[in-house]
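Here is the file work16.cif (mmCIF, C-alpha atoms).
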data_work
loop_
_atom_site.label_atom_id
_atom_site.label_comp_id
_atom_site.auth_asym_id
_atom_site.auth_seq_id
_atom_site.Cartn_x
_atom_site.Cartn_y
_atom_site.Cartn_z
CA MET V 159 0.00 0.00 0.00
CA ILE V 160 1.26 3.45 -0.87
CA LEU V 161 0.85 4.85 2.63
CA ASP V 162 3.32 2.24 3.85
CA GLN V 163 5.95 4.02 1.77
CA PHE V 164 5.69 7.01 4.11
CA LYS V 165 6.35 5.01 7.28
CA LEU V 166 9.64 5.32 9.14
CA ASP V 167 9.19 2.46 11.58
CA GLY V 168 12.55 1.19 12.80
CA LYS V 169 14.49 4.12 11.34
CA VAL V 170 16.93 6.29 13.30
CA ALA V 171 17.17 10.01 12.55
CA ILE V 172 19.45 12.84 13.62
CA VAL V 173 18.02 16.37 13.60
CA THR V 174 20.25 19.32 14.44
CA GLY V 175 18.85 22.49 15.98
CA ALA V 176 15.73 20.66 17.14
CA GLY V 177 15.34 22.17 20.58
CA ARG V 178 12.60 24.46 19.31
CA GLY V 179 10.99 25.96 16.21
CA ILE V 180 11.32 24.37 12.79
CA GLY V 181 13.86 21.78 13.92
CA GLN V 182 11.52 20.65 16.66
CA ALA V 183 8.76 20.20 14.09
CA TYR V 184 11.04 18.11 11.86
CA ALA V 185 12.01 15.88 14.79
CA ILE V 186 8.44 15.38 15.97
CA GLY V 187 7.20 14.78 12.42
CA LEU V 188 9.79 12.05 11.88
CA ALA V 189 8.79 10.47 15.19
CA GLU V 190 5.11 10.63 14.23
CA ALA V 191 6.05 8.63 11.14
CA GLY V 192 7.76 6.02 13.32
CA ALA V 193 11.42 7.05 13.65
CA ASP V 194 13.56 7.22 16.76
CA VAL V 195 15.32 10.57 16.94
CA ALA V 196 18.62 11.97 18.19
CA ILE V 197 18.40 15.73 18.74
CA VAL V 198 21.50 17.91 18.56
CA ASP V 199 21.42 21.44 19.99
CA VAL V 200 23.02 23.84 22.46
CA ILE V 201 19.71 24.83 24.07
CA PRO V 202 17.51 22.67 26.32
CA MET V 203 15.93 19.79 24.41
CA ASP V 204 13.61 18.43 27.10
CA GLU V 205 10.42 19.64 25.40
CA THR V 206 11.25 17.97 22.08
CA ILE V 207 12.40 14.77 23.74
CA ALA V 208 9.21 14.57 25.83
CA ALA V 209 7.03 15.08 22.74
CA ILE V 210 8.82 12.28 20.90
CA GLN V 211 8.67 9.89 23.85
CA LYS V 212 4.97 10.61 24.24
CA LEU V 213 4.56 9.17 20.75
CA GLY V 214 6.18 5.94 21.91
CA ARG V 215 9.44 6.57 20.12
CA ARG V 216 12.93 6.72 21.58
CA ALA V 217 14.78 10.04 21.78
CA ILE V 218 18.11 11.29 23.04
CA GLY V 219 19.53 14.79 23.31
CA ILE V 220 23.13 15.54 22.37
CA LYS V 221 24.52 18.90 23.43
CA ALA V 222 27.10 20.07 20.91
CA ASP V 223 28.64 23.33 19.73
CA LEU V 224 27.88 23.19 16.02
CA SER V 225 30.19 26.10 15.32
CA LYS V 226 32.90 23.45 15.72
CA GLY V 227 31.50 21.01 13.21
CA GLU V 228 34.75 19.36 12.17
CA LYS V 229 35.52 18.46 15.79
CA GLU V 230 31.99 17.69 16.99
CA SER V 231 30.64 15.66 14.06
CA PRO V 232 32.47 12.35 14.75
CA LYS V 233 31.46 12.60 18.40
CA ILE V 234 27.81 13.10 17.49
CA VAL V 235 27.79 10.09 15.19
CA ALA V 236 29.49 7.93 17.80
CA LYS V 237 26.90 8.85 20.44
CA VAL V 238 23.98 8.09 18.12
CA VAL V 239 25.41 4.75 17.05
CA LYS V 240 26.07 3.83 20.68
CA ALA V 241 22.44 4.63 21.59
CA PHE V 242 20.63 3.33 18.50
CA LYS V 243 23.19 1.07 16.74
CA LYS V 244 22.70 2.80 13.36
CA ILE V 245 21.79 5.98 11.47
CA ASP V 246 19.27 6.11 8.63
CA ILE V 247 18.34 9.79 8.33
CA LEU V 248 20.13 13.10 8.87
CA VAL V 249 18.42 16.49 8.87
CA ASN V 250 20.94 19.35 8.82
CA ASN V 251 18.61 21.97 10.26
CA ALA V 252 20.72 24.08 12.64
CA GLY V 253 21.42 27.56 11.33
CA ILE V 254 21.95 31.20 12.28
CA ILE V 255 21.57 34.58 10.56
CA ARG V 256 23.38 37.87 10.98
CA ARG V 257 21.98 41.09 9.50
CA GLU V 258 24.34 43.81 8.31
CA PRO V 259 24.78 45.76 5.04
CA PHE V 260 27.24 44.09 2.68
CA ALA V 261 29.92 46.78 3.06
CA GLU V 262 29.71 46.57 6.85
CA HIS V 263 29.32 42.81 7.29
CA SER V 264 32.01 41.84 9.79
CA ALA V 265 34.45 38.99 9.37
CA LYS V 266 33.14 37.47 12.59
CA ASN V 267 29.53 37.48 11.41
CA TRP V 268 30.56 36.03 8.05
CA ASN V 269 32.66 33.26 9.62
CA ASP V 270 30.06 32.41 12.29
CA VAL V 271 27.28 32.01 9.73
CA ILE V 272 29.32 30.07 7.18
CA SER V 273 30.63 27.78 9.93
CA ILE V 274 27.23 26.71 11.28
CA ASN V 275 25.13 26.95 8.10
CA LEU V 276 27.50 25.42 5.57
CA SER V 277 30.65 23.92 7.08
CA THR V 278 28.92 21.92 9.81
CA PRO V 279 26.39 20.32 7.42
CA PHE V 280 29.39 19.31 5.31
CA PHE V 281 31.35 17.79 8.20
CA LEU V 282 28.35 16.13 9.87
CA SER V 283 27.16 14.70 6.57
CA GLN V 284 30.66 13.31 5.97
CA ALA V 285 30.63 11.54 9.32
CA VAL V 286 27.10 10.22 8.82
CA VAL V 287 27.82 9.06 5.27
CA ARG V 288 30.79 7.02 6.47
CA GLN V 289 28.47 5.31 8.95
CA MET V 290 25.80 4.74 6.30
CA GLN V 291 28.38 3.28 3.92
CA LYS V 292 29.56 0.95 6.68
CA GLN V 293 25.97 -0.16 7.31
CA GLY V 294 25.43 -0.77 3.57
CA ASN V 295 21.69 0.02 3.57
CA GLY V 296 21.67 3.50 2.04
CA GLY V 297 20.05 6.41 3.81
CA LYS V 298 18.51 9.86 3.53
CA ILE V 299 20.17 13.22 4.09
CA ILE V 300 18.02 16.34 4.17
CA ASN V 301 19.75 19.70 4.10
CA ILE V 302 17.92 22.89 4.96
CA ALA V 303 18.21 25.55 2.30
CA SER V 304 16.24 28.82 2.03
CA MET V 305 14.45 31.16 -0.35
CA LEU V 306 17.90 32.76 -0.54
CA SER V 307 19.20 29.62 -2.19
CA PHE V 308 17.29 31.02 -5.19
CA GLN V 309 17.31 34.76 -4.46
CA GLY V 310 19.96 37.20 -3.27
CA GLY V 311 18.08 38.94 -0.49
CA ILE V 312 19.49 42.01 1.27
CA LEU V 313 21.49 42.66 4.45
CA VAL V 314 22.39 38.98 4.97
CA PRO V 315 25.45 38.26 2.79
CA GLY V 316 26.77 35.41 4.94
CA TYR V 317 23.38 33.75 5.17
CA ALA V 318 22.70 34.10 1.43
CA ALA V 319 26.11 32.65 0.59
CA SER V 320 25.65 29.75 3.00
CA LYS V 321 22.23 28.83 1.67
CA GLY V 322 23.34 29.10 -1.94
CA GLY V 323 26.18 26.79 -0.96
CA ILE V 324 23.76 24.31 0.64
CA LYS V 325 21.84 24.02 -2.62
CA SER V 326 25.02 23.30 -4.60
CA LEU V 327 26.41 20.96 -1.94
CA THR V 328 23.15 19.01 -2.01
CA MET V 329 23.54 18.42 -5.75
CA LEU V 330 27.18 17.37 -5.43
CA MET V 331 26.39 14.97 -2.60
CA ALA V 332 23.58 13.41 -4.64
CA ASN V 333 25.92 12.92 -7.59
CA GLU V 334 28.54 11.15 -5.50
CA LEU V 335 26.40 9.22 -3.01
CA SER V 336 23.64 7.76 -5.18
CA LYS V 337 25.83 4.74 -5.85
CA ASP V 338 25.63 4.00 -2.12
CA GLY V 339 21.83 4.23 -2.04
CA ILE V 340 22.00 7.55 -0.18
CA CYS V 341 19.50 10.16 -1.33
CA VAL V 342 20.35 13.80 -0.63
CA ASN V 343 17.78 16.56 -0.97
CA ALA V 344 17.11 19.95 0.59
CA ILE V 345 14.08 21.81 1.90
CA ALA V 346 13.82 25.56 1.30
CA PRO V 347 11.32 26.95 3.82
CA GLY V 348 9.52 30.18 3.04
CA TYR V 349 8.52 32.74 5.64
CA ILE V 350 7.74 30.70 8.75
CA ALA V 351 6.26 32.07 11.99
CA THR V 352 8.92 31.34 14.61
CA ALA V 353 10.69 33.25 17.36
CA ASN V 354 13.36 34.24 14.83
CA THR V 355 10.83 35.98 12.58
CA ALA V 356 8.83 37.61 15.39
CA PRO V 357 10.49 41.04 14.89
CA ILE V 358 9.59 41.03 11.20
CA ARG V 359 6.00 40.04 11.88
CA ALA V 360 5.75 42.80 14.47
CA ASP V 361 6.76 45.38 11.85
CA LYS V 362 3.40 46.17 10.24
CA LYS V 363 4.87 47.55 7.02
CA ARG V 364 7.32 44.69 6.52
CA ASN V 365 4.73 42.08 7.52
CA LYS V 366 2.23 43.42 4.98
CA ALA V 367 4.85 43.48 2.22
CA ILE V 368 5.64 39.82 2.88
CA LEU V 369 2.02 38.70 3.04
CA ASP V 370 1.21 40.58 -0.17
CA ARG V 371 3.89 38.51 -1.94
CA ILE V 372 2.77 35.09 -0.61
CA PRO V 373 -0.02 33.59 -2.76
CA ALA V 374 -1.18 31.48 0.19
CA GLY V 375 -1.83 34.74 2.05
CA ARG V 376 -0.29 33.67 5.35
CA TRP V 377 2.96 32.94 7.10
CA GLY V 378 3.87 29.28 7.26
CA THR V 379 4.08 27.36 10.52
CA PRO V 380 6.69 24.80 11.58
CA ASP V 381 4.03 22.10 11.19
CA ASP V 382 3.71 23.03 7.49
CA LEU V 383 7.22 21.62 7.02
CA LYS V 384 6.63 18.23 8.62
CA GLY V 385 5.18 16.63 5.49
CA ILE V 386 8.04 17.41 3.12
CA CYS V 387 10.57 16.28 5.73
CA VAL V 388 8.86 12.94 6.27
CA PHE V 389 8.43 12.46 2.52
CA LEU V 390 12.13 13.05 1.81
CA ALA V 391 13.10 10.73 4.68
CA ALA V 392 10.72 7.94 3.63
CA PRO V 393 10.87 5.21 0.96
CA ALA V 394 8.27 7.17 -1.05
CA SER V 395 11.06 9.48 -2.27
CA ASP V 396 13.68 6.82 -3.04
CA TYR V 397 14.02 7.96 -6.68
CA MET V 398 14.39 11.62 -5.78
CA THR V 399 17.82 13.06 -5.10
CA GLY V 400 19.83 16.23 -5.67
CA TYR V 401 16.94 18.69 -5.56
CA THR V 402 15.95 21.62 -3.36
CA TYR V 403 12.21 21.70 -2.63
CA ALA V 404 10.54 24.97 -1.70
CA CYS V 405 7.79 24.94 0.92
CA ASP V 406 6.91 28.62 0.72
CA GLY V 407 3.18 29.19 0.16
CA GLY V 408 3.99 30.08 -3.46
CA TRP V 409 6.57 32.81 -2.73
CA LEU V 410 8.95 31.78 -5.53
CA ALA V 411 6.10 31.48 -8.03
CA ARG V 412 5.12 35.13 -7.60
#
What does the file become when written as structure tokens?
Amino acid sequence: MILDQFKLDGKVAIVTGAGRGIGQAYAIGLAEAGADVAIVDVIPMDETIAAIQKLGRRAIGIKADLSKGEKESPKIVAKVVKAFKKIDILVNNAGIIRREPFAEHSAKNWNDVISINLSTPFFLSQAVVRQMQKQGNGGKIINIASMLSFQGGILVPGYAASKGGIKSLTMLMANELSKDGICVNAIAPGYIATANTAPIRADKKRNKAILDRIPAGRWGTPDDLKGICVFLAAPASDYMTGYTYACDGGWLAR
């Protein structure tokens, strides 16, 4: 039955930045589909872990400084394998943004954003891929891109560069890893109502300009992103790799 192709029973997932917001929704969505989940964050993860356990799935929290991806990634993989014996799914969700005009964008802000948004997904994916290759059963990697993977934006040069890089990295990974049965795709969320976007939504002029551009006529919610995450993690998408999928209420179509 086709609905069986969306089940994740017996699968083990890692979701970074899942202590709250969009990452929390990804983690809970994967658990609702049947997966056990390892959450990686620097903030408290108790709420996400409790929600997953309430669903009858196993969950662990791993505190890690993702600005040090090259150093932390092997440790994260080792902890997940020790707890769950394997890894089937990775969601590279953790990310930050720094707003400054291009000519004033500091080296620190540039390096901080590139480190967490682009370098850490690279290093963590490397570590996870080595584990998946050892297991020999393929796997799914889901990177988190952005509308700025397709557009330039303003005042966020580091963020735009990192998300453009994620889109290209996703394609390269798909090209190299398909032979191992590992599918690599990316999700590009549109404007989502989270704590990070609260200041924009509170600005009446900016909020109206955004809503006027979204054909769906509303901000997205973290729950709006659960479906695409589960789909890309599930057997239903086994012939899909190397693509960045927008979930944006029609923003890019406008």
Cut-off 9 Å: closest range 220-271 of chain V/range 370-394 of chain V atom pairs per residue, using all atoms listed in the file, as JSON lines:
{"residue": "V:Asp246", "atom": "CA", "partner": "V:Ala391", "partner_atom": "CA", "distance": 8.7}
{"residue": "V:Ile247", "atom": "CA", "partner": "V:Ala391", "partner_atom": "CA", "distance": 6.5}
{"residue": "V:Leu248", "atom": "CA", "partner": "V:Ala391", "partner_atom": "CA", "distance": 8.5}
{"residue": "V:Val249", "atom": "CA", "partner": "V:Cys387", "partner_atom": "CA", "distance": 8.5}
Worksheet entry | Result set of the PyMOL selection byres ((chain V and resi 409) around 9) on the coordinates above, as a list in words | Met305, Gly348, Tyr349, Arg371, Ile372, Pro373, Ala374, Ala404, Cys405, Asp406, Gly407, Gly408, Leu410, Ala411 and Arg412 of chain V
Would you mind exporting C-alpha atoms of the selected residues as a PDB file, in the frame of the given file?
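Done, and the output landed in again-v8.pdb:
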ATOM      1  CA  MET V 305      14.450  31.160  -0.350  1.00  0.00           C
ATOM      2  CA  GLY V 348       9.520  30.180   3.040  1.00  0.00           C
ATOM      3  CA  TYR V 349       8.520  32.740   5.640  1.00  0.00           C
ATOM      4  CA  ARG V 371       3.890  38.510  -1.940  1.00  0.00           C
ATOM      5  CA  ILE V 372       2.770  35.090  -0.610  1.00  0.00           C
ATOM      6  CA  PRO V 373      -0.020  33.590  -2.760  1.00  0.00           C
ATOM      7  CA  ALA V 374      -1.180  31.480   0.190  1.00  0.00           C
ATOM      8  CA  ALA V 404      10.540  24.970  -1.700  1.00  0.00           C
ATOM      9  CA  CYS V 405       7.790  24.940   0.920  1.00  0.00           C
ATOM     10  CA  ASP V 406       6.910  28.620   0.720  1.00  0.00           C
ATOM     11  CA  GLY V 407       3.180  29.190   0.160  1.00  0.00           C
ATOM     12  CA  GLY V 408       3.990  30.080  -3.460  1.00  0.00           C
ATOM     13  CA  LEU V 410       8.950  31.780  -5.530  1.00  0.00           C
ATOM     14  CA  ALA V 411       6.100  31.480  -8.030  1.00  0.00           C
ATOM     15  CA  ARG V 412       5.120  35.130  -7.600  1.00  0.00           C
TER      16      ARG V 412
END
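For the pair CA of Leu335 in chain V and CA of Pro347 in chain V, the interatomic distance is 24.3 Å.
For the file at hand, the PyMOL selection byres ((chain V and resi 293) around 12) resolves to Val239, Lys243, Lys244, Ile245, Asp246, Val286, Val287, Arg288, Gln289, Met290, Gln291, Lys292, Gly294, Asn295, Gly296, Gly297, Asp338, Gly339 and Ile340 of chain V.
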Item to complete: Tell me, as a PyMOL selection string, which residues lie within 6 Å of Ala176 in chain V, counting all atoms listed in the file; anything in the same chain fewer than 4 positions away does not count.
Response: chain V and resi 181-182+197
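When the PyMOL selection byres ((chain V and resi 230) around 12) is evaluated against the file, it yields V:Val198, V:Asp199, V:Ile220, V:Lys221, V:Ala222, V:Asp223, V:Leu224, V:Ser225, V:Lys226, V:Gly227, V:Glu228, V:Lys229, V:Ser231, V:Pro232, V:Lys233, V:Ile234, V:Val235, V:Ala236, V:Lys237, V:Ile274, V:Ser277, V:Thr278, V:Pro279, V:Phe281, V:Leu282, V:Ser283, V:Gln284, V:Ala285.
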Fill in: Atomic distance CA of Leu276 in chain V - CA of Lys169 in chain V, expressed in Å with one decimal
25.6 Å
Worksheet entry | Separation of CA of Ile324 in chain V from CA of Ile272 in chain V, in Å and rounded to one decimal | 10.3 Å
Show me, as a compact mmCIF listing (two decimals) with C-alpha atoms, keeping the file's coordinate frame, the residues that have an atom within 8 Å of Gly192 in chain V when counting all atoms listed in the file, minus same-chain residues fewer than 6 positions from it.
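To be explicit, this is the file written out as selection03.txt:
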# COMPACT_ATOMS: atom_id res chain seq x y z
CA LYS V 165 6.35 5.01 7.28
CA LEU V 166 9.64 5.32 9.14
CA ASP V 167 9.19 2.46 11.58
CA GLY V 168 12.55 1.19 12.80
CA LYS V 169 14.49 4.12 11.34
CA ARG V 215 9.44 6.57 20.12
Discussion item. Using only C-alpha atoms, can you tell me which of V:Ser264, V:Gln309, V:Asn301, V:Thr352 comes closest to Met331 in chain V?
Written reply: V:Asn301
